[in-house]
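Shown next, in structure tokens, is the structure this report addresses.
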Amino acid sequence: MAADILAEITGMLVEIVGDEHLLADEVTMKTTFNEDLALESIEFVALAELLHHRYGAEVDLMGFLSEKDMDGILAMSVGELVTHIGRITHASLTHASRTHAPAGTVRAAATATGSDG
């Protein structure tokens with residue numbers, strides 16, 4: 001899953017900064033947005049918009065950045081963003097599967113775990 005997210009973020013970065021500035025195979029989990037990619041603030045905004053379109057409102061890049069201090073933002077790696085997206089999308093998928101599971105499945109799972117449901 002992380003490899004898929006990394007590939008999608010890499011594609012978004014190529015779209016934002018252009019292929020001549022960023023070779024797709026150069027982006028790894030350890031690549032930093034500031035030092036390695038030299039992303040400008042307007043490019044972060046563009047990335048936030050692409051992430052929103054791809055993953056929905058739950059993946060809020062600006063909200064994620066607001067939880068960090070300036071040093072944390074400057075040192076942030078692509079891997080940190082991949083991990084954040086993985087956590088959010090995994091939680092969303094887990095919630096959706098519980099919400100949309102047939103009633104019998106939920107009861108059977110509750111019975112199997114000894115819950116009353």
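Following the order of the structure tokens, chains are lettered A, B, ..., residues in each are numbered from 1, and ligands are numbered from 1.
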Could you list, as a PyMOL selection string, every residue within 8 Å of Ala48 in chain A, counting only C-alpha atoms and ignoring same-chain residues fewer than 5 positions away? chain A and resi 60-62
Counting only C-alpha atoms, the residue among A:Ala57, A:His52, A:Thr83, A:Ala46 that lies closest to Glu15 in chain A is A:Ala46
Determine, counting only C-alpha atoms, which protein, DNA and RNA residues have an atom within 10 Å of an atom of range 65-76 of chain A; residues of the same chain fewer than 3 positions away are not included. Present the result as a list in words.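 Result of the neighbour search: Lys30, Thr31, Thr32, Phe33, Asn34, Glu35, Asp36, Ala38, Asp60, Leu61, Met62, Gly79, Glu80 and Leu81 of chain A.
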For the residues in that selection, give me N, CA, C and O atoms as an mmCIF file, in the first residue's frame.
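The resulting file, out.cif, is shown below:
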data_model
loop_
_atom_site.group_PDB
_atom_site.id
_atom_site.type_symbol
_atom_site.label_atom_id
_atom_site.label_comp_id
_atom_site.auth_asym_id
_atom_site.auth_seq_id
_atom_site.Cartn_x
_atom_site.Cartn_y
_atom_site.Cartn_z
ATOM 1 N N LYS A 30 12.550 8.664 1.855
ATOM 2 C CA LYS A 30 13.453 9.551 2.591
ATOM 3 C C LYS A 30 13.620 10.923 1.935
ATOM 4 O O LYS A 30 14.219 11.812 2.521
ATOM 5 N N THR A 31 13.087 11.097 0.732
ATOM 6 C CA THR A 31 13.186 12.373 0.031
ATOM 7 C C THR A 31 12.486 13.458 0.844
ATOM 8 O O THR A 31 11.351 13.270 1.283
ATOM 9 N N THR A 32 13.156 14.585 1.048
ATOM 10 C CA THR A 32 12.541 15.679 1.783
ATOM 11 C C THR A 32 11.948 16.696 0.806
ATOM 12 O O THR A 32 12.471 16.906 -0.282
ATOM 13 N N PHE A 33 10.845 17.286 1.229
ATOM 14 C CA PHE A 33 10.171 18.265 0.381
ATOM 15 C C PHE A 33 10.992 19.545 0.253
ATOM 16 O O PHE A 33 11.034 20.157 -0.805
ATOM 17 N N ASN A 34 11.641 19.963 1.325
ATOM 18 C CA ASN A 34 12.367 21.224 1.313
ATOM 19 C C ASN A 34 13.761 21.080 0.702
ATOM 20 O O ASN A 34 14.067 21.706 -0.308
ATOM 21 N N GLU A 35 14.596 20.256 1.307
ATOM 22 C CA GLU A 35 15.994 20.179 0.876
ATOM 23 C C GLU A 35 16.149 19.453 -0.459
ATOM 24 O O GLU A 35 16.836 19.939 -1.349
ATOM 25 N N ASP A 36 15.510 18.290 -0.609
ATOM 26 C CA ASP A 36 15.706 17.496 -1.828
ATOM 27 C C ASP A 36 14.888 18.008 -3.011
ATOM 28 O O ASP A 36 15.376 18.058 -4.137
ATOM 29 N N ALA A 38 13.036 21.031 -2.969
ATOM 30 C CA ALA A 38 12.952 22.487 -2.970
ATOM 31 C C ALA A 38 11.551 22.972 -3.362
ATOM 32 O O ALA A 38 11.385 23.875 -4.166
ATOM 33 N N ASP A 60 -5.858 15.970 4.670
ATOM 34 C CA ASP A 60 -5.749 17.421 4.688
ATOM 35 C C ASP A 60 -4.281 17.797 4.901
ATOM 36 O O ASP A 60 -3.797 17.819 6.039
ATOM 37 N N LEU A 61 -3.571 18.071 3.807
ATOM 38 C CA LEU A 61 -2.142 18.369 3.899
ATOM 39 C C LEU A 61 -1.880 19.594 4.768
ATOM 40 O O LEU A 61 -0.983 19.582 5.599
ATOM 41 N N MET A 62 -2.667 20.628 4.594
ATOM 42 C CA MET A 62 -2.439 21.844 5.383
ATOM 43 C C MET A 62 -2.698 21.586 6.872
ATOM 44 O O MET A 62 -1.979 22.093 7.728
ATOM 45 N N GLY A 79 8.051 10.178 2.862
ATOM 46 C CA GLY A 79 7.620 9.023 3.648
ATOM 47 C C GLY A 79 6.660 9.388 4.766
ATOM 48 O O GLY A 79 5.729 8.638 5.063
ATOM 49 N N GLU A 80 6.863 10.549 5.405
ATOM 50 C CA GLU A 80 5.940 10.991 6.448
ATOM 51 C C GLU A 80 4.553 11.223 5.875
ATOM 52 O O GLU A 80 3.549 10.858 6.491
ATOM 53 N N LEU A 81 4.500 11.819 4.685
ATOM 54 C CA LEU A 81 3.215 12.061 4.043
ATOM 55 C C LEU A 81 2.577 10.750 3.610
ATOM 56 O O LEU A 81 1.380 10.538 3.788
#
How many Å separate CA of Val17 in chain A from CA of Val82 in chain A?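 Going from CA of Val17 in chain A over to CA of Val82 in chain A, I get 18.6 Å.
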What separation in Å, quoted to one decimal, exists between CA of Gly63 in chain A and CA of Val14 in chain A?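 If I compute the distance from CA of Gly63 in chain A to CA of Val14 in chain A, I get 22.9 Å.
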Min atom-atom distance to Met1 in chain A from the set A:Val78, A:Val59, A:Ala91, A:Ile85, counting only C-alpha atoms, belongs to A:Ile85
Considering only C-alpha atoms, can you say which of A:Val27, A:Leu37, A:Ile9, A:Ala3 comes closest to Glu49 in chain A?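 Nearest to Glu49 in chain A: A:Ile9.
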Take CA of Glu43 in chain A and CA of Leu13 in chain A and report the distance between them in Å, one decimal.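 Going from CA of Glu43 in chain A over to CA of Leu13 in chain A covers 8.6 Å.
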